[in-house]
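Trainee: This is the structure I want to talk about, given as structure tokens.
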Amino acid sequence: MLSDRRQKVLQALIEDYIVNAQPVGSRTLVDRYSLGVSSATVRNELSVLEDEGYLTSPHTSAGRIPTDAGYRAFVDDLLEREFGDETEGDAFDELRDAATKMDDLMDKTSAALTRLTDCLSIVLAPSLLATSVKQVSLVSFTPHRALMVVVTNDGQVLDRHIEFADEVTSDELAGVQNALNEVLSGKSMSEVRGIGAQEVCDALSSPLAHVVIDELMACVDVEESGRAHRLGISSLLSKPEFSNAAAALPVLQVLEDDTVLMHLFDDVASSGNPLEVRIGSENDASQLSGVSVVAAQYGPSDASGVVAVIGPTRMDYSKVIKAVRAARSALRDL
């Protein structure tokens with residue numbers, strides 16, 4: 001537990017480092033911040049903070065920079081001091097009012113997060129596998145082609161064109177539609193995926209039903225693969241920490257791997273915290289040791305999505321946390 005003075009010195013150093021990306025010395029802190037103590041006292045406090053693992057001294061400079069432990073102490077203090085009751089951001093409320101489709105809102109939210117934080121933003125849509133089927137509609141175009149429209153219980157709409165090898169009449173399609181709604185209505189997408197062939201055969205005499213269910217799950221797979229709405233890679237790469245390709249490449253490779261992202265966000269969802277901040281080495285993937293992740297869940301617990309900002313460990317945590325919380329508020333009713 002840091003003393004108040006030591007916490008104040010650490011806070012000043014981190015705030016200066018966030019802005020300037022340069023190691024910070026005691027004279028800089030005394031000149032720029034009202035710490036109320038002498039330069040000698042600040043030097044002593046910096047030495048203690050370094051010994052305790054909150055700061056480190058680069059070989060090329062007499063100044064110091066924060067370690068992951070230093071950022072963690074800073075963020076924990078920040079969360080306690082600045083963030084109590086939930087507040088909504090007007091900018092995100094405007095986005096919610098303007099957007100007419102879920103994907104549209106997520107794209108606009110991601111763009112707004114990147115603009116506000118100058119970092120990479122990701123909005124992960126709720127998994128369709130947890131949603132339930134409300135209605136299946138089949139619209140015949142030709143004897144060999146139809147449109148399937150699926151509405152979920154949370155208002156999402158999926159559509160997919162289906163091609164038939166054999167001719168299918170409008171009456172046959174209508175019959176399958178009615179039977180499918182009886183069997184699938186109220187079932188989750190994961191239940192539909194695991195539905196037994198015998199159960200379908202018992203309820204539906206036409207093999208056409210199998211074709212439609214296969215197409216429904218193919219549609220879900222496509223939607224699941226596009227759950228992550230991300231924007232701001234160029235903003236992330238513009239930071240001094242990633243000016244070197246050797247530092248940037250591992251981060252890019254991980255962020256382009258949806259499997260790693262899903263694992264990261266699953267951890268966020270399972271943490272039970274309304275907002276999660278992962279700093280550098282706290283991330284499971286070693287390639288992310290140079291970045292911090294600020295993420296929050298939105299939506300109902302059984303079908304939640306995640307909104308996140310990823311930036312260097314030197315990110316402006318106060319600004320990013322406020323932006324992520326405002327975005328969660330804008331997305332909360334989805």
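Lettering and numbering for the structure tokens are positional, with chains as A, B, ... in the shown order, residues counted from 1 in each chain, and ligands counted from 1 in the shown order.
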Hey, what's within 12 Å of Ala62 in chain A if we count only C-alpha atoms and toss same-chain stuff fewer than 5 positions away? As a list in words, please?

Mentor: Gln22, Pro23, Val24, Gly25, Ser26, Arg27, Thr28, Arg43, Leu46, Ser47, Thr56 and Ser57 of chain A

Trainee: Determine, using only C-alpha atoms, which residues of range 159-249 of chain A have any atom at most 12 Å from an atom of range 309-328 of chain A, and tabulate each with its shortest atom pair and distance in Å to one decimal place, rows ordered by chain and then rising number, as a tab-separated table.

Mentor:
```
residue	atom	partner	partner_atom	distance
A:His229	CA	A:Val309	CA	11.7
A:Arg230	CA	A:Val309	CA	9.5
A:Leu231	CA	A:Val309	CA	9.8
A:Gly232	CA	A:Ile310	CA	9.3
A:Ile233	CA	A:Ile310	CA	9.5
A:Ser234	CA	A:Gly311	CA	11.3
A:Ser235	CA	A:Gly311	CA	8.8
A:Leu236	CA	A:Gly311	CA	6.1
A:Leu237	CA	A:Gly311	CA	9.4
A:Ser238	CA	A:Pro312	CA	10.6
A:Lys239	CA	A:Pro312	CA	7.6
A:Pro240	CA	A:Pro312	CA	9.2
A:Glu241	CA	A:Pro312	CA	7.1
A:Phe242	CA	A:Pro312	CA	8.6
A:Ser243	CA	A:Pro312	CA	11.9
A:Ala247	CA	A:Pro312	CA	11.3
A:Ala248	CA	A:Pro312	CA	10.8
```

Trainee: Write a file of the selected residues as a PDB file, in the first residue's frame, keeping N, CA, C and O atoms.

Mentor:
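Result written to again.pdb:
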```pdb
ATOM      1  N   HIS A 229     -16.040  -5.966 -34.565  1.00  0.00           N
ATOM      2  CA  HIS A 229     -15.992  -4.735 -35.356  1.00  0.00           C
ATOM      3  C   HIS A 229     -14.805  -3.931 -34.831  1.00  0.00           C
ATOM      4  O   HIS A 229     -14.860  -3.383 -33.732  1.00  0.00           O
ATOM      5  N   ARG A 230     -13.716  -3.872 -35.597  1.00  0.00           N
ATOM      6  CA  ARG A 230     -12.498  -3.237 -35.095  1.00  0.00           C
ATOM      7  C   ARG A 230     -12.079  -2.089 -35.998  1.00  0.00           C
ATOM      8  O   ARG A 230     -12.293  -2.114 -37.205  1.00  0.00           O
ATOM      9  N   LEU A 231     -11.492  -1.102 -35.383  1.00  0.00           N
ATOM     10  CA  LEU A 231     -11.049   0.081 -36.116  1.00  0.00           C
ATOM     11  C   LEU A 231      -9.939   0.758 -35.328  1.00  0.00           C
ATOM     12  O   LEU A 231      -9.986   0.788 -34.102  1.00  0.00           O
ATOM     13  N   GLY A 232      -8.927   1.263 -36.037  1.00  0.00           N
ATOM     14  CA  GLY A 232      -7.896   2.040 -35.368  1.00  0.00           C
ATOM     15  C   GLY A 232      -6.523   1.393 -35.325  1.00  0.00           C
ATOM     16  O   GLY A 232      -5.681   1.800 -34.516  1.00  0.00           O
ATOM     17  N   ILE A 233      -6.270   0.403 -36.193  1.00  0.00           N
ATOM     18  CA  ILE A 233      -4.932  -0.191 -36.236  1.00  0.00           C
ATOM     19  C   ILE A 233      -3.888   0.881 -36.518  1.00  0.00           C
ATOM     20  O   ILE A 233      -2.820   0.918 -35.902  1.00  0.00           O
ATOM     21  N   SER A 234      -4.196   1.794 -37.454  1.00  0.00           N
ATOM     22  CA  SER A 234      -3.237   2.853 -37.794  1.00  0.00           C
ATOM     23  C   SER A 234      -2.981   3.760 -36.602  1.00  0.00           C
ATOM     24  O   SER A 234      -1.858   4.246 -36.409  1.00  0.00           O
ATOM     25  N   SER A 235      -4.022   4.003 -35.781  1.00  0.00           N
ATOM     26  CA  SER A 235      -3.836   4.822 -34.582  1.00  0.00           C
ATOM     27  C   SER A 235      -2.879   4.140 -33.608  1.00  0.00           C
ATOM     28  O   SER A 235      -2.009   4.788 -33.005  1.00  0.00           O
ATOM     29  N   LEU A 236      -3.036   2.831 -33.472  1.00  0.00           N
ATOM     30  CA  LEU A 236      -2.160   2.080 -32.574  1.00  0.00           C
ATOM     31  C   LEU A 236      -0.715   2.114 -33.070  1.00  0.00           C
ATOM     32  O   LEU A 236       0.221   2.342 -32.303  1.00  0.00           O
ATOM     33  N   LEU A 237      -0.540   1.923 -34.378  1.00  0.00           N
ATOM     34  CA  LEU A 237       0.810   1.875 -34.941  1.00  0.00           C
ATOM     35  C   LEU A 237       1.484   3.241 -34.959  1.00  0.00           C
ATOM     36  O   LEU A 237       2.704   3.322 -35.121  1.00  0.00           O
ATOM     37  N   SER A 238       0.703   4.306 -34.809  1.00  0.00           N
ATOM     38  CA  SER A 238       1.299   5.648 -34.805  1.00  0.00           C
ATOM     39  C   SER A 238       1.991   5.970 -33.482  1.00  0.00           C
ATOM     40  O   SER A 238       2.728   6.958 -33.398  1.00  0.00           O
ATOM     41  N   LYS A 239       1.791   5.136 -32.466  1.00  0.00           N
ATOM     42  CA  LYS A 239       2.402   5.394 -31.165  1.00  0.00           C
ATOM     43  C   LYS A 239       3.902   5.093 -31.230  1.00  0.00           C
ATOM     44  O   LYS A 239       4.336   4.164 -31.918  1.00  0.00           O
ATOM     45  N   PRO A 240       4.717   5.858 -30.504  1.00  0.00           N
ATOM     46  CA  PRO A 240       6.164   5.651 -30.539  1.00  0.00           C
ATOM     47  C   PRO A 240       6.583   4.237 -30.155  1.00  0.00           C
ATOM     48  O   PRO A 240       7.577   3.719 -30.653  1.00  0.00           O
ATOM     49  N   GLU A 241       5.789   3.594 -29.283  1.00  0.00           N
ATOM     50  CA  GLU A 241       6.135   2.240 -28.839  1.00  0.00           C
ATOM     51  C   GLU A 241       6.167   1.249 -29.991  1.00  0.00           C
ATOM     52  O   GLU A 241       6.848   0.211 -29.916  1.00  0.00           O
ATOM     53  N   PHE A 242       5.408   1.539 -31.057  1.00  0.00           N
ATOM     54  CA  PHE A 242       5.296   0.582 -32.156  1.00  0.00           C
ATOM     55  C   PHE A 242       5.887   1.108 -33.461  1.00  0.00           C
ATOM     56  O   PHE A 242       5.558   0.636 -34.543  1.00  0.00           O
ATOM     57  N   SER A 243       6.765   2.119 -33.351  1.00  0.00           N
ATOM     58  CA  SER A 243       7.411   2.642 -34.554  1.00  0.00           C
ATOM     59  C   SER A 243       8.381   1.633 -35.146  1.00  0.00           C
ATOM     60  O   SER A 243       8.665   1.641 -36.341  1.00  0.00           O
ATOM     61  N   ALA A 247       8.537  -4.534 -32.924  1.00  0.00           N
ATOM     62  CA  ALA A 247       7.623  -4.408 -31.782  1.00  0.00           C
ATOM     63  C   ALA A 247       6.171  -4.483 -32.220  1.00  0.00           C
ATOM     64  O   ALA A 247       5.314  -4.995 -31.492  1.00  0.00           O
ATOM     65  N   ALA A 248       5.886  -3.981 -33.422  1.00  0.00           N
ATOM     66  CA  ALA A 248       4.494  -3.911 -33.882  1.00  0.00           C
ATOM     67  C   ALA A 248       3.981  -5.236 -34.418  1.00  0.00           C
ATOM     68  O   ALA A 248       2.811  -5.578 -34.244  1.00  0.00           O
TER      69      ALA A 248
END
```

Trainee: Looking at A:Leu147, A:Val9, A:Val183, A:Ile279, which one is nearest to Asn44 in chain A, with distances taken over only C-alpha atoms?

Mentor: A:Val9

Trainee: Would you mind telling me which residue in A:Ala218, A:Ala165, A:Leu261, A:Leu120 lies nearest to Val291 in chain A when using only C-alpha atoms?

Mentor: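 Of the candidates, the smallest distance to Val291 in chain A is held by A:Leu120.
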
Trainee: I'd like the interatomic distance between CA of Leu113 in chain A and CA of Ile65 in chain A, to a tenth of an Å.

Mentor: 26.8 Å

Trainee: Between A:Asn178, A:Ser39, A:Asn20, A:Gln297, which is the closest to Ile122 in chain A once you count only C-alpha atoms?

Mentor: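 Closest residue, counting only C-alpha atoms: A:Gln297.
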
Trainee: From a DSSP pass on the backbone, collect the residues of range 152-287 of chain A flagged as alpha helix (DSSP H) and hand them back as an MDAnalysis selection string.

Mentor: chainID A and resid 170:184 189:193 197:203 208:225 233:237 245:255 258:271

Trainee: List every residue of range 189-328 of chain A that DSSP, applied to the backbone of this structure, assigns to strand (DSSP E or B), and report them as a list in words.

Mentor: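 After running DSSP on the backbone, range 189-328 of chain A has strand (DSSP E or B) at Ala228, His229, Arg230, Leu231, Leu275, Glu276, Val277, Arg278, Ile279, Val291, Ser292, Val293, Val294, Ala295, Ala296, Gln297, Tyr298, Gly305, Val306, Val307, Ala308, Val309, Ile310, Gly311 and Pro312 of chain A.
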
Trainee: Restricting the calculation to only C-alpha atoms, which member of A:Thr67, A:Ser34, A:Ser3, A:Ser225 is positioned closest to Gly290 in chain A?

Mentor: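 Answer, going by the shortest atom-to-atom distance: A:Thr67.
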